[in-house]
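Visitor: Contents of start03.cif (mmCIF, C-alpha atoms):
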```
data_upload
#
loop_
_atom_site.group_PDB
_atom_site.id
_atom_site.type_symbol
_atom_site.label_atom_id
_atom_site.label_comp_id
_atom_site.auth_asym_id
_atom_site.auth_seq_id
_atom_site.Cartn_x
_atom_site.Cartn_y
_atom_site.Cartn_z
ATOM 1 C CA MET B 16 66.410 27.286 -1.441
ATOM 2 C CA SER B 17 69.207 26.111 -3.685
ATOM 3 C CA THR B 18 72.481 27.984 -3.938
ATOM 4 C CA LEU B 19 73.128 26.811 -7.502
ATOM 5 C CA PRO B 20 72.662 29.298 -10.350
ATOM 6 C CA ALA B 21 69.416 28.968 -12.309
ATOM 7 C CA ALA B 22 71.281 27.866 -15.458
ATOM 8 C CA VAL B 23 72.797 24.927 -13.581
ATOM 9 C CA GLN B 24 69.483 23.990 -11.938
ATOM 10 C CA ASP B 25 67.683 23.934 -15.297
ATOM 11 C CA ARG B 26 70.064 21.393 -16.801
ATOM 12 C CA GLY B 27 68.890 18.612 -14.484
ATOM 13 C CA SER B 28 70.093 15.167 -15.418
ATOM 14 C CA ASP B 29 71.662 16.324 -18.712
ATOM 15 C CA HIS B 30 74.590 17.832 -16.829
ATOM 16 C CA PRO B 31 77.858 15.911 -17.421
ATOM 17 C CA VAL B 32 78.406 15.504 -13.679
ATOM 18 C CA HIS B 33 75.033 13.761 -13.325
ATOM 19 C CA LYS B 34 75.854 11.438 -16.219
ATOM 20 C CA THR B 35 79.262 10.647 -14.740
ATOM 21 C CA LEU B 36 77.796 9.901 -11.314
ATOM 22 C CA ALA B 37 75.082 7.714 -12.834
ATOM 23 C CA SER B 38 77.727 5.802 -14.765
ATOM 24 C CA ALA B 39 79.833 5.327 -11.633
ATOM 25 C CA ALA B 40 76.798 4.224 -9.618
ATOM 26 C CA ASN B 41 76.040 1.485 -12.135
ATOM 27 C CA LEU B 42 79.663 0.353 -12.336
ATOM 28 C CA ALA B 43 78.962 -2.381 -9.796
ATOM 29 C CA ASN B 44 76.433 -3.862 -12.214
ATOM 30 C CA LEU B 45 79.086 -4.139 -14.912
ATOM 31 C CA LEU B 46 81.646 -5.800 -12.675
ATOM 32 C CA PRO B 47 81.266 -9.473 -11.812
ATOM 33 C CA THR B 48 80.108 -8.809 -8.231
ATOM 34 C CA SER B 49 77.528 -11.591 -7.935
ATOM 35 C CA THR B 50 79.939 -14.116 -9.419
ATOM 36 C CA VAL B 51 82.635 -12.977 -6.992
ATOM 37 C CA LEU B 52 80.256 -13.364 -4.031
ATOM 38 C CA ALA B 53 79.344 -16.894 -5.088
ATOM 39 C CA PHE B 54 83.014 -17.675 -5.673
ATOM 40 C CA ASN B 55 83.923 -16.398 -2.190
ATOM 41 C CA ALA B 56 81.288 -18.651 -0.644
ATOM 42 C CA LEU B 57 82.334 -21.775 -2.570
ATOM 43 C CA ILE B 58 86.115 -21.585 -2.692
ATOM 44 C CA PRO B 59 87.014 -22.154 1.017
ATOM 45 C CA PRO B 60 85.325 -25.565 1.328
ATOM 46 C CA PHE B 61 86.194 -26.647 -2.219
ATOM 47 C CA SER B 62 89.866 -25.754 -1.769
ATOM 48 C CA ASN B 63 89.976 -27.134 1.792
ATOM 49 C CA ASN B 64 91.040 -23.646 2.921
ATOM 50 C CA GLY B 65 94.123 -23.829 0.707
ATOM 51 C CA SER B 66 95.319 -27.258 1.939
ATOM 52 C CA CYS B 67 94.612 -29.020 -1.331
ATOM 53 C CA GLU B 68 94.644 -32.639 -2.295
ATOM 54 C CA LEU B 69 94.188 -33.672 -5.921
ATOM 55 C CA SER B 70 90.388 -33.677 -5.588
ATOM 56 C CA ASN B 71 90.460 -30.184 -4.058
ATOM 57 C CA LYS B 72 92.591 -28.908 -6.952
ATOM 58 C CA PHE B 73 90.032 -30.315 -9.385
ATOM 59 C CA LEU B 74 87.100 -28.784 -7.478
ATOM 60 C CA THR B 75 88.860 -25.411 -7.152
ATOM 61 C CA SER B 76 89.620 -25.350 -10.882
ATOM 62 C CA LEU B 77 86.021 -26.341 -11.634
ATOM 63 C CA VAL B 78 84.619 -23.508 -9.476
ATOM 64 C CA ILE B 79 86.916 -21.006 -11.218
ATOM 65 C CA PHE B 80 85.958 -22.333 -14.663
ATOM 66 C CA ILE B 81 82.187 -22.320 -14.059
ATOM 67 C CA SER B 82 82.292 -18.903 -12.387
ATOM 68 C CA ALA B 83 84.303 -17.519 -15.313
ATOM 69 C CA ILE B 84 81.721 -18.815 -17.812
ATOM 70 C CA ILE B 85 78.863 -17.304 -15.797
ATOM 71 C CA CYS B 86 80.738 -14.023 -15.523
ATOM 72 C CA PHE B 87 81.298 -13.898 -19.290
ATOM 73 C CA LEU B 88 77.744 -14.878 -20.257
ATOM 74 C CA SER B 89 76.083 -12.503 -17.790
ATOM 75 C CA SER B 90 77.447 -9.600 -19.847
ATOM 76 C CA PHE B 91 74.996 -10.597 -22.582
ATOM 77 C CA THR B 92 71.844 -10.508 -20.437
ATOM 78 C CA ASP B 93 69.372 -7.695 -20.904
ATOM 79 C CA SER B 94 65.852 -6.754 -19.865
ATOM 80 C CA PHE B 95 62.907 -4.730 -21.092
ATOM 81 C CA ILE B 96 59.434 -3.713 -20.007
ATOM 82 C CA SER B 97 56.710 -5.015 -22.285
ATOM 83 C CA SER B 98 53.540 -3.173 -23.262
ATOM 84 C CA ASP B 99 51.719 -4.891 -20.385
ATOM 85 C CA GLY B 100 54.194 -3.327 -17.908
ATOM 86 C CA LYS B 101 55.987 -6.539 -16.909
ATOM 87 C CA LEU B 102 59.762 -6.785 -16.687
ATOM 88 C CA TYR B 103 61.310 -9.533 -18.828
ATOM 89 C CA HIS B 104 64.899 -10.749 -18.886
ATOM 90 C CA GLY B 105 66.662 -12.413 -21.766
ATOM 91 C CA ILE B 106 69.945 -13.190 -23.456
ATOM 92 C CA ALA B 107 71.214 -11.069 -26.312
ATOM 93 C CA THR B 108 71.903 -12.931 -29.539
ATOM 94 C CA PHE B 109 73.069 -11.802 -32.970
ATOM 95 C CA ASN B 110 69.396 -11.599 -34.039
ATOM 96 C CA GLY B 111 68.073 -9.763 -30.978
ATOM 97 C CA LEU B 112 66.988 -10.516 -27.442
ATOM 98 C CA TYR B 113 65.923 -14.088 -26.708
ATOM 99 C CA VAL B 114 63.396 -14.028 -23.859
ATOM 100 C CA PHE B 115 62.529 -17.385 -22.308
ATOM 101 C CA ASN B 116 58.922 -16.801 -21.223
ATOM 102 C CA TYR B 117 57.675 -14.167 -23.655
ATOM 103 C CA SER B 118 55.756 -14.579 -26.903
ATOM 104 C CA ASN B 119 54.275 -11.345 -28.186
ATOM 105 C CA ASP B 120 54.781 -11.289 -31.953
ATOM 106 C CA GLU B 121 54.187 -7.529 -32.185
ATOM 107 C CA GLU B 122 56.977 -6.661 -29.734
ATOM 108 C CA THR B 123 59.279 -9.477 -30.873
ATOM 109 C CA LYS B 124 60.258 -7.344 -33.859
ATOM 110 C CA GLU B 125 61.340 -4.587 -31.472
ATOM 111 C CA LEU B 126 63.648 -7.011 -29.646
ATOM 112 C CA CYS B 127 66.039 -6.855 -32.620
ATOM 113 C CA LYS B 128 67.458 -3.610 -31.213
ATOM 114 C CA PHE B 129 68.917 -5.654 -28.317
ATOM 115 C CA ARG B 130 71.253 -7.646 -30.598
ATOM 116 C CA ILE B 131 74.885 -8.270 -29.660
ATOM 117 C CA ARG B 132 77.351 -5.512 -30.528
ATOM 118 C CA VAL B 133 81.142 -5.280 -30.327
ATOM 119 C CA ILE B 134 80.982 -3.342 -27.050
ATOM 120 C CA ASP B 135 79.233 -6.328 -25.455
ATOM 121 C CA PHE B 136 82.282 -8.481 -26.144
ATOM 122 C CA VAL B 137 84.568 -5.779 -24.748
ATOM 123 C CA HIS B 138 82.534 -5.703 -21.526
ATOM 124 C CA ALA B 139 82.362 -9.508 -21.359
ATOM 125 C CA PHE B 140 86.138 -9.922 -21.724
ATOM 126 C CA LEU B 141 86.840 -7.155 -19.201
ATOM 127 C CA SER B 142 84.466 -8.762 -16.698
ATOM 128 C CA LEU B 143 86.096 -12.125 -17.315
ATOM 129 C CA LEU B 144 89.559 -10.626 -16.872
ATOM 130 C CA LEU B 145 88.531 -8.941 -13.626
ATOM 131 C CA PHE B 146 87.077 -12.148 -12.264
ATOM 132 C CA LEU B 147 90.147 -14.204 -13.158
ATOM 133 C CA VAL B 148 92.444 -11.617 -11.555
ATOM 134 C CA PHE B 149 90.296 -11.697 -8.444
ATOM 135 C CA ALA B 150 90.263 -15.507 -8.405
ATOM 136 C CA VAL B 151 94.045 -15.779 -8.715
ATOM 137 C CA SER B 152 94.538 -13.205 -5.953
ATOM 138 C CA ASN B 153 92.447 -15.279 -3.516
ATOM 139 C CA SER B 154 94.731 -16.775 -0.858
ATOM 140 C CA ASN B 155 92.946 -20.149 -0.877
ATOM 141 C CA VAL B 156 93.426 -20.431 -4.640
ATOM 142 C CA GLN B 157 97.068 -19.384 -4.352
ATOM 143 C CA ASN B 158 97.787 -21.932 -1.631
ATOM 144 C CA CYS B 159 95.963 -24.643 -3.552
ATOM 145 C CA LEU B 160 96.969 -24.139 -7.184
ATOM 146 C CA ILE B 161 100.252 -22.182 -6.994
ATOM 147 C CA PRO B 162 101.711 -22.942 -3.557
ATOM 148 C CA ASN B 163 105.376 -22.287 -4.389
ATOM 149 C CA GLU B 164 105.246 -18.898 -6.091
ATOM 150 C CA GLY B 165 108.348 -16.780 -5.897
ATOM 151 C CA THR B 166 108.807 -13.196 -4.758
ATOM 152 C CA ASN B 167 108.156 -11.768 -8.233
ATOM 153 C CA GLU B 168 104.981 -13.797 -8.701
ATOM 154 C CA ARG B 169 103.736 -12.810 -5.251
ATOM 155 C CA ALA B 170 104.335 -9.097 -5.994
ATOM 156 C CA LEU B 171 102.512 -9.425 -9.320
ATOM 157 C CA ILE B 172 99.569 -11.244 -7.761
ATOM 158 C CA MET B 173 99.369 -8.635 -4.996
ATOM 159 C CA ASN B 174 99.334 -5.606 -7.331
ATOM 160 C CA LEU B 175 97.423 -7.042 -10.279
ATOM 161 C CA PRO B 176 93.896 -6.598 -8.789
ATOM 162 C CA LEU B 177 94.424 -2.873 -8.195
ATOM 163 C CA GLY B 178 95.758 -2.251 -11.696
ATOM 164 C CA ALA B 179 93.120 -4.381 -13.397
ATOM 165 C CA GLY B 180 90.356 -2.743 -11.349
ATOM 166 C CA ILE B 181 91.447 0.788 -12.226
ATOM 167 C CA LEU B 182 91.899 -0.027 -15.919
ATOM 168 C CA SER B 183 88.562 -1.837 -16.190
ATOM 169 C CA SER B 184 86.699 0.865 -14.265
ATOM 170 C CA PHE B 185 88.100 3.480 -16.611
ATOM 171 C CA LEU B 186 87.142 1.457 -19.690
ATOM 172 C CA PHE B 187 83.658 0.664 -18.339
ATOM 173 C CA ALA B 188 83.047 4.357 -17.626
ATOM 174 C CA TYR B 189 84.532 5.524 -20.938
ATOM 175 C CA PHE B 190 82.752 2.890 -23.059
ATOM 176 C CA PRO B 191 79.387 2.446 -21.329
ATOM 177 C CA THR B 192 76.942 -0.249 -22.298
ATOM 178 C CA THR B 193 73.194 0.031 -22.734
ATOM 179 C CA ARG B 194 72.632 -3.475 -21.352
ATOM 180 C CA ARG B 195 70.328 -3.737 -18.354
ATOM 181 C CA GLY B 196 71.118 -7.239 -17.178
ATOM 182 C CA ILE B 197 69.653 -9.250 -14.360
ATOM 183 C CA GLY B 198 69.897 -7.298 -11.109
ATOM 184 C CA TYR B 199 70.572 -3.933 -12.752
ATOM 185 C CA ALA B 200 69.618 -1.035 -10.479
ATOM 186 C CA ASP B 201 67.910 1.238 -13.033
ATOM 187 C CA MET B 202 64.620 0.317 -14.624
ATOM 188 C CA PRO B 203 65.181 -0.635 -18.264
ATOM 189 C CA SER B 204 63.647 1.331 -21.075
ATOM 190 C CA SER B 205 60.486 -0.107 -22.577
#
```
Translate this structure into structure tokens?
Guide:
Amino acid sequence: MSTLPAAVQDRGSDHPVHKTLASAANLANLLPTSTVLAFNALIPPFSNNGSCELSNKFLTSLVIFISAIICFLSSFTDSFISSDGKLYHGIATFNGLYVFNYSNDEETKELCKFRIRVIDFVHAFLSLLLFLVFAVSNSNVQNCLIPNEGTNERALIMNLPLGAGILSSFLFAYFPTTRRGIGYADMPSS
């Protein structure tokens, strides 16, 4: 038997606490976690564990650049469940959702509601910023690309991830997105 008052039990998922917890639970989907995992796997061999030659500097910069592009573009992915019950993923455009392997003319008109909005760009730039802060704070990247940083630069690089993470988490929670990209935990709305 529950100890909560009946009025609180009746509210269910409409309660602000439930909405806040759901938003916090999906925060990992808004942050560039998969890009960061791939980056962490690629950067040690590409940077020669921070002992860079010219080719390693090029490869390290290339990994950062490609990962940053993927991080930015993944903010524009979305998904939906079609009338046949299958889950489809696509990329949001200014005209609607572009799905690669889907051609139902009746539902294509409904895909216009998935068009790009201003909040998508806010989320994309915040994800990009978070990834770049994370990349610069990686010790292999520091040793490879900025080996002679001073005390002030080192203090900035050390504290920047915490500040950027808190600011971005606040903004992601305060300005939520309706995008259900690839790998999103909740089932998208049909």
Visitor: If you count all atoms listed in the file, which residues fall within 9 Å of Asn71 in chain B, apart from same-chain ones fewer than 6 positions away, as a list of chain:residue names?
Guide: B:Pro60, B:Phe61, B:Ser62, B:Asn63, B:Gly65, B:Cys159
Visitor: Save the residues we just selected, C-alpha atoms, as a PDB file, in the coordinates of the input?
Guide:
```
ATOM      1  CA  PRO B  60      85.325 -25.565   1.328  1.00  0.00           C
ATOM      2  CA  PHE B  61      86.194 -26.647  -2.219  1.00  0.00           C
ATOM      3  CA  SER B  62      89.866 -25.754  -1.769  1.00  0.00           C
ATOM      4  CA  ASN B  63      89.976 -27.134   1.792  1.00  0.00           C
ATOM      5  CA  GLY B  65      94.123 -23.829   0.707  1.00  0.00           C
ATOM      6  CA  CYS B 159      95.963 -24.643  -3.552  1.00  0.00           C
TER       7      CYS B 159
END
```
Visitor: Using the chain letters and numbers from this file, what does the PyMOL selection byres ((chain B and resi 59) around 12) select? Give the answer as a list in words.
Guide: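 That selection, the PyMOL selection byres ((chain B and resi 59) around 12), comes back as Ala53, Phe54, Asn55, Ala56, Leu57, Ile58, Pro60, Phe61, Ser62, Asn63, Asn64, Gly65, Ser66, Cys67, Asn71, Lys72, Leu74, Thr75, Val78, Ala150, Asn153, Ser154, Asn155, Val156, Gln157, Asn158 and Cys159 of chain B.
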Visitor: Just the number, please: distance in Å from CA of Val137 in chain B to CA of Pro191 in chain B, one decimal.
Guide: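 Answer for the CA of Val137 in chain B to CA of Pro191 in chain B separation: 10.3 Å.
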Visitor: So which residues get picked by the PyMOL selection byres ((chain B and resi 112) around 8) here, written as a ChimeraX atom specification?
Guide: /B:93,105-108,110-111,113-114,126-130
Visitor: I'd like to know which of B:Ser76, B:Asn116, B:Ser142, B:Asn167 is closest to Ala179 in chain B, using all atoms listed in the file.
Guide: B:Ser142
Visitor: So what do you get for CA of Ile84 in chain B versus CA of Ser97 in chain B, distance-wise?
Guide: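 Distance between the two atoms: 28.9 Å.
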Visitor: Could you tell me how far CA of Gly100 in chain B sits from CA of Val133 in chain B, in Å to one decimal place?
Guide: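 Computing it gives 29.7 Å between the two atoms.
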Visitor: Which one is closest to Arg194 in chain B: B:Ala139, B:Val148, B:Ala83, B:Ile161? Count all atoms listed in the file.
Guide: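 Distance minimum relative to Arg194 in chain B lands on B:Ala139.
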